[in-house]
file final.cif (mmCIF, N, CA and C atoms)
data_my_file
loop_
_atom_site.label_atom_id
_atom_site.label_comp_id
_atom_site.auth_asym_id
_atom_site.auth_seq_id
_atom_site.Cartn_x
_atom_site.Cartn_y
_atom_site.Cartn_z
N MET Y 1 0.85 -1.18 0.00
CA MET Y 1 0.00 0.00 0.00
C MET Y 1 0.89 1.23 0.00
N ASN Y 2 0.55 2.18 -0.86
CA ASN Y 2 1.33 3.41 -0.87
C ASN Y 2 0.47 4.58 -0.39
N LYS Y 3 1.10 5.73 -0.31
CA LYS Y 3 0.44 6.92 0.20
C LYS Y 3 -0.78 7.30 -0.65
N LYS Y 4 -0.64 7.20 -1.96
CA LYS Y 4 -1.74 7.54 -2.87
C LYS Y 4 -2.96 6.66 -2.60
N PHE Y 5 -2.72 5.36 -2.43
CA PHE Y 5 -3.81 4.42 -2.15
C PHE Y 5 -4.49 4.76 -0.82
N LEU Y 6 -3.71 5.02 0.21
CA LEU Y 6 -4.28 5.34 1.53
C LEU Y 6 -5.11 6.61 1.49
N ILE Y 7 -4.59 7.64 0.86
CA ILE Y 7 -5.32 8.90 0.78
C ILE Y 7 -6.58 8.73 -0.08
N THR Y 8 -6.45 8.01 -1.18
CA THR Y 8 -7.63 7.74 -2.03
C THR Y 8 -8.68 6.98 -1.25
N GLY Y 9 -8.26 5.99 -0.48
CA GLY Y 9 -9.21 5.22 0.34
C GLY Y 9 -9.93 6.09 1.35
N LEU Y 10 -9.22 7.01 1.97
CA LEU Y 10 -9.84 7.91 2.95
C LEU Y 10 -10.82 8.87 2.28
N ILE Y 11 -10.41 9.43 1.15
CA ILE Y 11 -11.30 10.35 0.44
C ILE Y 11 -12.53 9.61 -0.09
N THR Y 12 -12.31 8.42 -0.62
CA THR Y 12 -13.43 7.61 -1.11
C THR Y 12 -14.38 7.27 0.04
N THR Y 13 -13.84 6.98 1.20
CA THR Y 13 -14.67 6.73 2.39
C THR Y 13 -15.57 7.92 2.68
N LEU Y 14 -15.00 9.11 2.68
CA LEU Y 14 -15.78 10.32 2.97
C LEU Y 14 -16.83 10.60 1.91
N ILE Y 15 -16.46 10.44 0.64
CA ILE Y 15 -17.41 10.67 -0.46
C ILE Y 15 -18.57 9.67 -0.36
N ASN Y 16 -18.25 8.40 -0.17
CA ASN Y 16 -19.27 7.35 -0.09
C ASN Y 16 -20.19 7.58 1.11
N LEU Y 17 -19.61 7.91 2.25
CA LEU Y 17 -20.41 8.18 3.45
C LEU Y 17 -21.33 9.37 3.23
N PHE Y 18 -20.80 10.44 2.65
CA PHE Y 18 -21.61 11.63 2.38
C PHE Y 18 -22.77 11.31 1.43
N LEU Y 19 -22.48 10.60 0.35
CA LEU Y 19 -23.53 10.29 -0.64
C LEU Y 19 -24.62 9.39 -0.06
N HIS Y 20 -24.22 8.39 0.70
CA HIS Y 20 -25.22 7.51 1.31
C HIS Y 20 -26.04 8.25 2.38
N THR Y 21 -25.39 9.10 3.15
CA THR Y 21 -26.10 9.89 4.16
C THR Y 21 -27.07 10.86 3.49
N ALA Y 22 -26.62 11.51 2.43
CA ALA Y 22 -27.50 12.43 1.69
C ALA Y 22 -28.70 11.67 1.11
N ASN Y 23 -28.45 10.50 0.53
CA ASN Y 23 -29.56 9.68 0.02
C ASN Y 23 -30.58 9.39 1.11
N TYR Y 24 -30.08 9.04 2.28
CA TYR Y 24 -30.98 8.69 3.37
C TYR Y 24 -31.84 9.90 3.77
N PHE Y 25 -31.19 11.02 4.03
CA PHE Y 25 -31.95 12.17 4.54
C PHE Y 25 -32.79 12.86 3.46
N LEU Y 26 -32.35 12.84 2.22
CA LEU Y 26 -33.10 13.52 1.16
C LEU Y 26 -34.18 12.64 0.51
N ILE Y 27 -33.98 11.32 0.51
CA ILE Y 27 -34.91 10.44 -0.21
C ILE Y 27 -35.45 9.31 0.67
N LEU Y 28 -34.55 8.52 1.21
CA LEU Y 28 -34.95 7.25 1.80
C LEU Y 28 -35.71 7.36 3.12
N LYS Y 29 -35.34 8.29 3.97
CA LYS Y 29 -35.98 8.39 5.28
C LYS Y 29 -37.49 8.51 5.15
N ASP Y 30 -37.96 9.45 4.37
CA ASP Y 30 -39.40 9.63 4.17
C ASP Y 30 -40.00 8.48 3.37
N PHE Y 31 -39.23 7.96 2.44
CA PHE Y 31 -39.73 6.87 1.60
C PHE Y 31 -39.97 5.61 2.43
N TYR Y 32 -39.03 5.28 3.33
CA TYR Y 32 -39.22 4.12 4.21
C TYR Y 32 -40.47 4.31 5.07
N HIS Y 33 -40.68 5.54 5.52
CA HIS Y 33 -41.84 5.84 6.37
C HIS Y 33 -43.14 5.69 5.58
N SER Y 34 -43.12 6.08 4.32
CA SER Y 34 -44.32 5.99 3.47
C SER Y 34 -44.64 4.56 3.02
N TYR Y 35 -43.63 3.72 2.91
CA TYR Y 35 -43.80 2.34 2.45
C TYR Y 35 -43.14 1.37 3.44
N PRO Y 36 -43.67 1.29 4.64
CA PRO Y 36 -43.01 0.47 5.66
C PRO Y 36 -43.13 -1.02 5.40
N ALA Y 37 -42.09 -1.74 5.79
CA ALA Y 37 -42.12 -3.20 5.72
C ALA Y 37 -42.66 -3.76 7.03
N LEU Y 38 -42.49 -3.01 8.10
CA LEU Y 38 -42.91 -3.43 9.44
C LEU Y 38 -43.68 -2.29 10.10
N SER Y 39 -44.30 -2.58 11.22
CA SER Y 39 -45.00 -1.54 11.97
C SER Y 39 -43.99 -0.51 12.48
N GLU Y 40 -44.47 0.67 12.78
CA GLU Y 40 -43.59 1.73 13.27
C GLU Y 40 -42.93 1.32 14.58
N GLU Y 41 -43.68 0.66 15.46
CA GLU Y 41 -43.13 0.20 16.73
C GLU Y 41 -42.00 -0.81 16.52
N CYS Y 42 -42.20 -1.73 15.61
CA CYS Y 42 -41.18 -2.74 15.31
C CYS Y 42 -39.93 -2.08 14.72
N MET Y 43 -40.12 -1.12 13.85
CA MET Y 43 -38.98 -0.41 13.25
C MET Y 43 -38.19 0.36 14.31
N LYS Y 44 -38.89 0.93 15.29
CA LYS Y 44 -38.20 1.65 16.38
C LYS Y 44 -37.35 0.69 17.20
N GLN Y 45 -37.82 -0.53 17.37
CA GLN Y 45 -37.05 -1.52 18.12
C GLN Y 45 -35.87 -2.04 17.31
N LEU Y 46 -36.03 -2.08 16.02
CA LEU Y 46 -35.00 -2.62 15.13
C LEU Y 46 -33.85 -1.66 14.91
N HIS Y 47 -34.14 -0.37 14.76
CA HIS Y 47 -33.12 0.63 14.43
C HIS Y 47 -32.83 1.53 15.63
N ARG Y 48 -31.56 1.84 15.81
CA ARG Y 48 -31.16 2.75 16.88
C ARG Y 48 -31.47 4.19 16.47
N PRO Y 49 -31.89 5.01 17.41
CA PRO Y 49 -32.01 6.45 17.10
C PRO Y 49 -30.60 7.05 16.94
N PRO Y 50 -30.49 8.17 16.25
CA PRO Y 50 -29.15 8.75 15.98
C PRO Y 50 -28.28 8.92 17.23
N GLU Y 51 -28.88 9.28 18.34
CA GLU Y 51 -28.08 9.51 19.56
C GLU Y 51 -27.54 8.21 20.17
N GLN Y 52 -28.02 7.06 19.69
CA GLN Y 52 -27.55 5.78 20.21
C GLN Y 52 -26.66 5.01 19.22
N LEU Y 53 -26.32 5.63 18.10
CA LEU Y 53 -25.43 4.97 17.14
C LEU Y 53 -24.09 4.65 17.80
N ILE Y 54 -23.50 3.57 17.42
CA ILE Y 54 -22.20 3.18 17.95
C ILE Y 54 -21.15 3.72 16.99
N VAL Y 55 -20.52 4.80 17.40
CA VAL Y 55 -19.65 5.58 16.53
C VAL Y 55 -18.48 4.76 15.99
N TRP Y 56 -17.81 4.00 16.85
CA TRP Y 56 -16.65 3.25 16.37
C TRP Y 56 -17.06 2.24 15.29
N ALA Y 57 -18.24 1.64 15.43
CA ALA Y 57 -18.70 0.68 14.43
C ALA Y 57 -19.04 1.38 13.12
N MET Y 58 -19.59 2.58 13.18
CA MET Y 58 -19.88 3.36 11.97
C MET Y 58 -18.58 3.73 11.26
N ILE Y 59 -17.55 4.05 12.03
CA ILE Y 59 -16.24 4.38 11.44
C ILE Y 59 -15.66 3.15 10.74
N VAL Y 60 -15.73 1.99 11.40
CA VAL Y 60 -15.19 0.76 10.81
C VAL Y 60 -15.93 0.41 9.52
N THR Y 61 -17.26 0.48 9.53
CA THR Y 61 -18.02 0.12 8.33
C THR Y 61 -17.76 1.12 7.20
N SER Y 62 -17.64 2.39 7.52
CA SER Y 62 -17.37 3.41 6.50
C SER Y 62 -15.99 3.21 5.87
N LEU Y 63 -14.99 2.99 6.71
CA LEU Y 63 -13.63 2.76 6.20
C LEU Y 63 -13.56 1.47 5.39
N SER Y 64 -14.23 0.43 5.87
CA SER Y 64 -14.23 -0.84 5.14
C SER Y 64 -14.81 -0.67 3.74
N MET Y 65 -15.92 0.03 3.64
CA MET Y 65 -16.55 0.24 2.34
C MET Y 65 -15.68 1.13 1.45
N GLY Y 66 -15.12 2.20 2.01
CA GLY Y 66 -14.27 3.09 1.22
C GLY Y 66 -13.05 2.39 0.67
N PHE Y 67 -12.42 1.55 1.48
CA PHE Y 67 -11.23 0.84 1.02
C PHE Y 67 -11.58 -0.35 0.13
N LEU Y 68 -12.75 -0.95 0.32
CA LEU Y 68 -13.21 -1.99 -0.61
C LEU Y 68 -13.37 -1.37 -2.00
N ILE Y 69 -14.04 -0.24 -2.07
CA ILE Y 69 -14.23 0.46 -3.35
C ILE Y 69 -12.88 0.78 -3.98
N THR Y 70 -11.98 1.34 -3.19
CA THR Y 70 -10.66 1.73 -3.70
C THR Y 70 -9.89 0.51 -4.20
N MET Y 71 -9.94 -0.59 -3.48
CA MET Y 71 -9.23 -1.80 -3.89
C MET Y 71 -9.81 -2.37 -5.19
N VAL Y 72 -11.14 -2.44 -5.28
CA VAL Y 72 -11.77 -2.96 -6.49
C VAL Y 72 -11.42 -2.09 -7.70
N ILE Y 73 -11.46 -0.79 -7.52
CA ILE Y 73 -11.14 0.12 -8.63
C ILE Y 73 -9.67 0.00 -9.00
N LYS Y 74 -8.80 -0.13 -8.01
CA LYS Y 74 -7.37 -0.32 -8.32
C LYS Y 74 -7.18 -1.61 -9.12
N TRP Y 75 -7.80 -2.69 -8.69
CA TRP Y 75 -7.68 -3.97 -9.40
C TRP Y 75 -8.28 -3.91 -10.79
N SER Y 76 -9.31 -3.08 -10.98
CA SER Y 76 -9.94 -2.98 -12.30
C SER Y 76 -9.05 -2.27 -13.31
N GLY Y 77 -8.11 -1.47 -12.81
CA GLY Y 77 -7.25 -0.70 -13.69
C GLY Y 77 -7.85 0.62 -14.13
N ALA Y 78 -9.03 0.98 -13.63
CA ALA Y 78 -9.67 2.24 -13.99
C ALA Y 78 -8.83 3.40 -13.46
N LYS Y 79 -8.60 4.39 -14.33
CA LYS Y 79 -7.76 5.52 -13.94
C LYS Y 79 -8.36 6.88 -14.27
N THR Y 80 -9.58 6.87 -14.80
CA THR Y 80 -10.27 8.12 -15.10
C THR Y 80 -11.65 8.08 -14.45
N PHE Y 81 -12.25 9.26 -14.34
CA PHE Y 81 -13.60 9.34 -13.76
C PHE Y 81 -14.57 8.49 -14.58
N THR Y 82 -14.47 8.57 -15.90
CA THR Y 82 -15.38 7.83 -16.78
C THR Y 82 -15.19 6.32 -16.67
N SER Y 83 -13.95 5.86 -16.65
CA SER Y 83 -13.73 4.42 -16.51
C SER Y 83 -14.15 3.94 -15.12
N GLY Y 84 -14.00 4.81 -14.12
CA GLY Y 84 -14.48 4.49 -12.77
C GLY Y 84 -15.99 4.37 -12.72
N LEU Y 85 -16.68 5.23 -13.49
CA LEU Y 85 -18.15 5.10 -13.57
C LEU Y 85 -18.54 3.76 -14.16
N LYS Y 86 -17.84 3.35 -15.23
CA LYS Y 86 -18.17 2.10 -15.92
C LYS Y 86 -17.94 0.90 -15.01
N TYR Y 87 -16.74 0.76 -14.48
CA TYR Y 87 -16.44 -0.38 -13.61
C TYR Y 87 -17.22 -0.28 -12.30
N GLY Y 88 -17.36 0.93 -11.80
CA GLY Y 88 -18.09 1.14 -10.56
C GLY Y 88 -19.55 0.79 -10.67
N PHE Y 89 -20.16 1.08 -11.82
CA PHE Y 89 -21.57 0.76 -12.02
C PHE Y 89 -21.79 -0.75 -11.99
N VAL Y 90 -20.94 -1.49 -12.66
CA VAL Y 90 -21.07 -2.95 -12.67
C VAL Y 90 -20.85 -3.50 -11.26
N PHE Y 91 -19.79 -3.05 -10.60
CA PHE Y 91 -19.51 -3.50 -9.23
C PHE Y 91 -20.68 -3.16 -8.31
N SER Y 92 -21.19 -1.95 -8.41
CA SER Y 92 -22.29 -1.49 -7.55
C SER Y 92 -23.56 -2.30 -7.78
N LEU Y 93 -23.89 -2.53 -9.06
CA LEU Y 93 -25.08 -3.34 -9.37
C LEU Y 93 -24.98 -4.71 -8.71
N LEU Y 94 -23.83 -5.35 -8.85
CA LEU Y 94 -23.65 -6.69 -8.31
C LEU Y 94 -23.61 -6.69 -6.78
N PHE Y 95 -22.85 -5.77 -6.21
CA PHE Y 95 -22.71 -5.71 -4.75
C PHE Y 95 -24.05 -5.43 -4.09
N TRP Y 96 -24.70 -4.33 -4.49
CA TRP Y 96 -25.95 -3.95 -3.84
C TRP Y 96 -27.10 -4.88 -4.22
N GLY Y 97 -27.01 -5.50 -5.40
CA GLY Y 97 -28.01 -6.50 -5.75
C GLY Y 97 -27.97 -7.67 -4.78
N SER Y 98 -26.77 -8.12 -4.45
CA SER Y 98 -26.65 -9.24 -3.51
C SER Y 98 -27.09 -8.83 -2.10
N VAL Y 99 -26.74 -7.62 -1.67
CA VAL Y 99 -27.10 -7.17 -0.33
C VAL Y 99 -28.61 -6.92 -0.22
N ASN Y 100 -29.12 -6.04 -1.07
CA ASN Y 100 -30.53 -5.64 -0.94
C ASN Y 100 -31.50 -6.78 -1.19
N PHE Y 101 -31.28 -7.51 -2.28
CA PHE Y 101 -32.24 -8.57 -2.60
C PHE Y 101 -32.05 -9.79 -1.71
N GLY Y 102 -30.85 -9.98 -1.19
CA GLY Y 102 -30.64 -11.02 -0.19
C GLY Y 102 -31.39 -10.70 1.09
N LEU Y 103 -31.33 -9.43 1.52
CA LEU Y 103 -32.09 -9.02 2.71
C LEU Y 103 -33.59 -9.08 2.46
N TYR Y 104 -34.01 -8.67 1.27
CA TYR Y 104 -35.43 -8.71 0.94
C TYR Y 104 -35.94 -10.16 0.94
N ALA Y 105 -35.15 -11.07 0.42
CA ALA Y 105 -35.55 -12.48 0.34
C ALA Y 105 -35.62 -13.14 1.71
N SER Y 106 -34.76 -12.69 2.64
CA SER Y 106 -34.61 -13.43 3.90
C SER Y 106 -35.06 -12.69 5.15
N SER Y 107 -35.55 -11.45 5.01
CA SER Y 107 -35.95 -10.70 6.20
C SER Y 107 -37.12 -9.78 5.87
N ASN Y 108 -37.54 -9.05 6.86
CA ASN Y 108 -38.63 -8.09 6.68
C ASN Y 108 -38.12 -6.64 6.77
N LEU Y 109 -36.89 -6.41 6.38
CA LEU Y 109 -36.33 -5.06 6.46
C LEU Y 109 -36.85 -4.13 5.37
N PHE Y 110 -37.22 -4.69 4.22
CA PHE Y 110 -37.67 -3.90 3.08
C PHE Y 110 -39.08 -4.30 2.68
N SER Y 111 -39.82 -3.32 2.18
CA SER Y 111 -41.02 -3.66 1.42
C SER Y 111 -40.56 -3.82 -0.04
N GLN Y 112 -41.42 -4.34 -0.90
CA GLN Y 112 -41.01 -4.51 -2.30
C GLN Y 112 -40.66 -3.16 -2.92
N THR Y 113 -41.40 -2.14 -2.58
CA THR Y 113 -41.13 -0.80 -3.13
C THR Y 113 -39.81 -0.25 -2.62
N THR Y 114 -39.58 -0.34 -1.31
CA THR Y 114 -38.36 0.26 -0.76
C THR Y 114 -37.10 -0.47 -1.19
N VAL Y 115 -37.18 -1.78 -1.45
CA VAL Y 115 -35.97 -2.49 -1.85
C VAL Y 115 -35.43 -1.96 -3.17
N PHE Y 116 -36.32 -1.61 -4.10
CA PHE Y 116 -35.87 -1.11 -5.40
C PHE Y 116 -35.35 0.33 -5.30
N VAL Y 117 -35.99 1.15 -4.50
CA VAL Y 117 -35.54 2.54 -4.34
C VAL Y 117 -34.20 2.57 -3.60
N ASP Y 118 -34.07 1.77 -2.55
CA ASP Y 118 -32.81 1.70 -1.82
C ASP Y 118 -31.69 1.18 -2.73
N TYR Y 119 -32.03 0.19 -3.54
CA TYR Y 119 -31.05 -0.37 -4.50
C TYR Y 119 -30.55 0.72 -5.45
N ALA Y 120 -31.46 1.47 -6.03
CA ALA Y 120 -31.07 2.53 -6.97
C ALA Y 120 -30.20 3.58 -6.28
N CYS Y 121 -30.61 4.02 -5.10
CA CYS Y 121 -29.83 5.03 -4.37
C CYS Y 121 -28.44 4.52 -4.01
N SER Y 122 -28.37 3.28 -3.56
CA SER Y 122 -27.07 2.70 -3.18
C SER Y 122 -26.15 2.54 -4.38
N VAL Y 123 -26.71 2.08 -5.50
CA VAL Y 123 -25.91 1.91 -6.72
C VAL Y 123 -25.36 3.26 -7.20
N ILE Y 124 -26.19 4.28 -7.19
CA ILE Y 124 -25.75 5.61 -7.63
C ILE Y 124 -24.63 6.13 -6.74
N ALA Y 125 -24.82 6.04 -5.42
CA ALA Y 125 -23.80 6.54 -4.48
C ALA Y 125 -22.47 5.80 -4.66
N MET Y 126 -22.53 4.47 -4.76
CA MET Y 126 -21.29 3.71 -4.89
C MET Y 126 -20.64 3.93 -6.24
N THR Y 127 -21.43 4.06 -7.30
CA THR Y 127 -20.87 4.30 -8.64
C THR Y 127 -20.10 5.62 -8.66
N ILE Y 128 -20.66 6.66 -8.09
CA ILE Y 128 -19.97 7.96 -8.04
C ILE Y 128 -18.70 7.84 -7.20
N SER Y 129 -18.79 7.13 -6.08
CA SER Y 129 -17.60 6.93 -5.24
C SER Y 129 -16.51 6.19 -6.00
N CYS Y 130 -16.88 5.20 -6.78
CA CYS Y 130 -15.92 4.46 -7.60
C CYS Y 130 -15.26 5.37 -8.64
N ALA Y 131 -16.05 6.24 -9.24
CA ALA Y 131 -15.52 7.17 -10.24
C ALA Y 131 -14.50 8.12 -9.63
N VAL Y 132 -14.82 8.64 -8.44
CA VAL Y 132 -13.88 9.54 -7.75
C VAL Y 132 -12.60 8.78 -7.39
N SER Y 133 -12.76 7.55 -6.92
CA SER Y 133 -11.60 6.73 -6.57
C SER Y 133 -10.70 6.50 -7.79
N ALA Y 134 -11.30 6.17 -8.93
CA ALA Y 134 -10.52 5.95 -10.16
C ALA Y 134 -9.80 7.22 -10.57
N TRP Y 135 -10.48 8.33 -10.50
CA TRP Y 135 -9.87 9.61 -10.87
C TRP Y 135 -8.68 9.92 -9.97
N LEU Y 136 -8.83 9.70 -8.66
CA LEU Y 136 -7.74 9.96 -7.73
C LEU Y 136 -6.58 9.01 -7.96
N LEU Y 137 -6.88 7.74 -8.18
CA LEU Y 137 -5.81 6.76 -8.42
C LEU Y 137 -5.08 7.03 -9.74
N GLY Y 138 -5.77 7.60 -10.72
CA GLY Y 138 -5.18 7.84 -12.02
C GLY Y 138 -4.41 9.14 -12.15
N ARG Y 139 -4.50 9.98 -11.16
CA ARG Y 139 -3.77 11.25 -11.22
C ARG Y 139 -2.28 11.00 -11.27
N GLU Y 140 -1.58 11.82 -12.05
CA GLU Y 140 -0.14 11.64 -12.23
C GLU Y 140 0.65 11.90 -10.97
N LYS Y 141 0.36 13.01 -10.32
CA LYS Y 141 1.11 13.36 -9.12
C LYS Y 141 0.51 12.66 -7.91
N THR Y 142 1.38 12.35 -6.95
CA THR Y 142 0.91 11.79 -5.69
C THR Y 142 0.13 12.87 -4.96
N ILE Y 143 -0.98 12.49 -4.41
CA ILE Y 143 -1.86 13.44 -3.71
C ILE Y 143 -1.15 14.00 -2.51
#
call {"tool": "encode", "arguments": {"input": "final.cif", "output": "structure tokens"}}
result
Amino acid sequence: MNKKFLITGLITTLINLFLHTANYFLILKDFYHSYPALSEECMKQLHRPPEQLIVWAMIVTSLSMGFLITMVIKWSGAKTFTSGLKYGFVFSLLFWGSVNFGLYASSNLFSQTTVFVDYACSVIAMTISCAVSAWLLGREKTI
């Protein structure tokens, strides 16, 4: 691992976290409420309120996803924003397809409507994060 990879992984982590958070607050939060898979009481028991989030675990999951994206893009050989969009879109479709539809098939976390909207939002956020990662990895100078 070199300095460029580490910095790209950290920046990708921040971009991915920001995009997913924005998706949640701008689209998904109200959408989940409008198309619930479970009763409101059950959802309150299932999800922690913001003040009870476990910060260290959020940091670990964010860094894991950011560096997973960076590693996949590095292995793909993508070095431009456009090539990152291409490889990132395929990776995102496959990754989030397995996560979202696996959860939909085996749990009550999603309604049929919310699984598709969440899938689209997740794919878009990860695809953009992949594109940024490719652009950063492809830059000539070390960041």
call {"tool": "resolve_selection", "arguments": {"input": "final.cif", "expression": "the PyMOL selection byres ((chain Y and resi 15-21) around 8)", "output": "list of chain:residue names"}}
result
Y:Gly9, Y:Leu10, Y:Ile11, Y:Thr12, Y:Thr13, Y:Leu14, Y:Ala22, Y:Asn23, Y:Tyr24, Y:Phe25, Y:Leu26, Y:Ile27, Y:Ser62, Y:Met65, Y:Gly66, Y:Cys121, Y:Ser122, Y:Ile124, Y:Ala125, Y:Met126, Y:Ile128, Y:Ser129, Y:Cys130
call {"tool": "residues_around", "arguments": {"input": "final.cif", "residues": "Ala131 (chain Y)", "least_positions_apart": "4", "cutoff": "7 Å", "atoms": "all atoms listed in the file", "output": "list in words"}}
result
Thr80, Phe81, Thr82, Ser83, Gly84, Leu85, Lys86, Gly88, Met126, Thr127, Trp135 and Leu136 of chain Y
call {"tool": "select_by_dssp", "arguments": {"input": "final.cif", "residues": "chain Y", "states": "alpha helix (DSSP H)", "output": "ChimeraX atom specification"}}
result
/Y:3-23,29-34,40-46,55-76,81-106,112-138
call {"tool": "resolve_selection", "arguments": {"input": "final.cif", "expression": "the PyMOL selection byres ((chain Y and resi 95-110) around 8)", "output": "mmCIF file with N, CA and C atoms, in the coordinates of the input"}}
result
data_model
loop_
_atom_site.group_PDB
_atom_site.id
_atom_site.type_symbol
_atom_site.label_atom_id
_atom_site.label_comp_id
_atom_site.auth_asym_id
_atom_site.auth_seq_id
_atom_site.Cartn_x
_atom_site.Cartn_y
_atom_site.Cartn_z
ATOM 1 N N TYR Y 35 -43.630 3.720 2.910
ATOM 2 C CA TYR Y 35 -43.800 2.340 2.450
ATOM 3 C C TYR Y 35 -43.140 1.370 3.440
ATOM 4 N N PRO Y 36 -43.670 1.290 4.640
ATOM 5 C CA PRO Y 36 -43.010 0.470 5.660
ATOM 6 C C PRO Y 36 -43.130 -1.020 5.400
ATOM 7 N N ALA Y 37 -42.090 -1.740 5.790
ATOM 8 C CA ALA Y 37 -42.120 -3.200 5.720
ATOM 9 C C ALA Y 37 -42.660 -3.760 7.030
ATOM 10 N N LEU Y 38 -42.490 -3.010 8.100
ATOM 11 C CA LEU Y 38 -42.910 -3.430 9.440
ATOM 12 C C LEU Y 38 -43.680 -2.290 10.100
ATOM 13 N N PHE Y 89 -20.160 1.080 -11.820
ATOM 14 C CA PHE Y 89 -21.570 0.760 -12.020
ATOM 15 C C PHE Y 89 -21.790 -0.750 -11.990
ATOM 16 N N VAL Y 90 -20.940 -1.490 -12.660
ATOM 17 C CA VAL Y 90 -21.070 -2.950 -12.670
ATOM 18 C C VAL Y 90 -20.850 -3.500 -11.260
ATOM 19 N N PHE Y 91 -19.790 -3.050 -10.600
ATOM 20 C CA PHE Y 91 -19.510 -3.500 -9.230
ATOM 21 C C PHE Y 91 -20.680 -3.160 -8.310
ATOM 22 N N SER Y 92 -21.190 -1.950 -8.410
ATOM 23 C CA SER Y 92 -22.290 -1.490 -7.550
ATOM 24 C C SER Y 92 -23.560 -2.300 -7.780
ATOM 25 N N LEU Y 93 -23.890 -2.530 -9.060
ATOM 26 C CA LEU Y 93 -25.080 -3.340 -9.370
ATOM 27 C C LEU Y 93 -24.980 -4.710 -8.710
ATOM 28 N N LEU Y 94 -23.830 -5.350 -8.850
ATOM 29 C CA LEU Y 94 -23.650 -6.690 -8.310
ATOM 30 C C LEU Y 94 -23.610 -6.690 -6.780
ATOM 31 N N SER Y 111 -39.820 -3.320 2.180
ATOM 32 C CA SER Y 111 -41.020 -3.660 1.420
ATOM 33 C C SER Y 111 -40.560 -3.820 -0.040
ATOM 34 N N GLN Y 112 -41.420 -4.340 -0.900
ATOM 35 C CA GLN Y 112 -41.010 -4.510 -2.300
ATOM 36 C C GLN Y 112 -40.660 -3.160 -2.920
ATOM 37 N N THR Y 113 -41.400 -2.140 -2.580
ATOM 38 C CA THR Y 113 -41.130 -0.800 -3.130
ATOM 39 C C THR Y 113 -39.810 -0.250 -2.620
ATOM 40 N N THR Y 114 -39.580 -0.340 -1.310
ATOM 41 C CA THR Y 114 -38.360 0.260 -0.760
ATOM 42 C C THR Y 114 -37.100 -0.470 -1.190
ATOM 43 N N VAL Y 115 -37.180 -1.780 -1.450
ATOM 44 C CA VAL Y 115 -35.970 -2.490 -1.850
ATOM 45 C C VAL Y 115 -35.430 -1.960 -3.170
ATOM 46 N N PHE Y 116 -36.320 -1.610 -4.100
ATOM 47 C CA PHE Y 116 -35.870 -1.110 -5.400
ATOM 48 C C PHE Y 116 -35.350 0.330 -5.300
ATOM 49 N N ASP Y 118 -34.070 1.770 -2.550
ATOM 50 C CA ASP Y 118 -32.810 1.700 -1.820
ATOM 51 C C ASP Y 118 -31.690 1.180 -2.730
ATOM 52 N N TYR Y 119 -32.030 0.190 -3.540
ATOM 53 C CA TYR Y 119 -31.050 -0.370 -4.500
ATOM 54 C C TYR Y 119 -30.550 0.720 -5.450
ATOM 55 N N ALA Y 120 -31.460 1.470 -6.030
ATOM 56 C CA ALA Y 120 -31.070 2.530 -6.970
ATOM 57 C C ALA Y 120 -30.200 3.580 -6.280
ATOM 58 N N SER Y 122 -28.370 3.280 -3.560
ATOM 59 C CA SER Y 122 -27.070 2.700 -3.180
ATOM 60 C C SER Y 122 -26.150 2.540 -4.380
ATOM 61 N N VAL Y 123 -26.710 2.080 -5.500
ATOM 62 C CA VAL Y 123 -25.910 1.910 -6.720
ATOM 63 C C VAL Y 123 -25.360 3.260 -7.200
#
call {"tool": "atom_distance", "arguments": {"input": "final.cif", "atom1": "CA of Gln45 (chain Y)", "atom2": "atom N of Tyr32 (chain Y)"}}
result
16.4 Å
call {"tool": "atom_distance", "arguments": {"input": "final.cif", "atom1": "CA of Gly138 (chain Y)", "atom2": "atom C of Ala78 (chain Y)"}}
result
5.9 Å
call {"tool": "axis_aligned_box", "arguments": {"input": "final.cif", "around": "region 131-136 of chain Y", "padding_each_side": "5 Å", "output": "lines of an AutoDock Vina configuration file"}}
result
center_x = -11.3
center_y = 8.0
center_z = -8.7
size_x = 19.5
size_y = 14.0
size_z = 14.3
call {"tool": "atom_distance", "arguments": {"input": "final.cif", "atom1": "CA of Ser76 (chain Y)", "atom2": "CA of Val60 (chain Y)"}}
result
24.0 Å
call {"tool": "resolve_selection", "arguments": {"input": "final.cif", "expression": "the PyMOL selection byres ((chain Y and resi 73) around 8)", "output": "PyMOL selection string"}}
result
chain Y and resi 67-72+74-79+84+87-88+130-131+133-134+137
call {"tool": "decode", "arguments": {"input": "final.cif", "residues": "region 109-115 of chain Y", "atoms": "N, CA and C atoms", "output": "PDB file, in the first residue's frame"}}
result
ATOM      1  N   LEU Y 109     -36.888  -6.406   6.382  1.00  0.00           N
ATOM      2  CA  LEU Y 109     -36.326  -5.060   6.461  1.00  0.00           C
ATOM      3  C   LEU Y 109     -36.855  -4.133   5.367  1.00  0.00           C
ATOM      4  N   PHE Y 110     -37.219  -4.689   4.217  1.00  0.00           N
ATOM      5  CA  PHE Y 110     -37.666  -3.899   3.084  1.00  0.00           C
ATOM      6  C   PHE Y 110     -39.078  -4.303   2.682  1.00  0.00           C
ATOM      7  N   SER Y 111     -39.823  -3.324   2.177  1.00  0.00           N
ATOM      8  CA  SER Y 111     -41.024  -3.659   1.417  1.00  0.00           C
ATOM      9  C   SER Y 111     -40.559  -3.822  -0.038  1.00  0.00           C
ATOM     10  N   GLN Y 112     -41.420  -4.340  -0.895  1.00  0.00           N
ATOM     11  CA  GLN Y 112     -41.006  -4.512  -2.296  1.00  0.00           C
ATOM     12  C   GLN Y 112     -40.659  -3.164  -2.922  1.00  0.00           C
ATOM     13  N   THR Y 113     -41.399  -2.136  -2.584  1.00  0.00           N
ATOM     14  CA  THR Y 113     -41.134  -0.801  -3.132  1.00  0.00           C
ATOM     15  C   THR Y 113     -39.811  -0.249  -2.621  1.00  0.00           C
ATOM     16  N   THR Y 114     -39.581  -0.345  -1.308  1.00  0.00           N
ATOM     17  CA  THR Y 114     -38.364   0.262  -0.758  1.00  0.00           C
ATOM     18  C   THR Y 114     -37.096  -0.471  -1.185  1.00  0.00           C
ATOM     19  N   VAL Y 115     -37.177  -1.779  -1.448  1.00  0.00           N
ATOM     20  CA  VAL Y 115     -35.967  -2.490  -1.846  1.00  0.00           C
ATOM     21  C   VAL Y 115     -35.433  -1.955  -3.172  1.00  0.00           C
TER      22      VAL Y 115
END
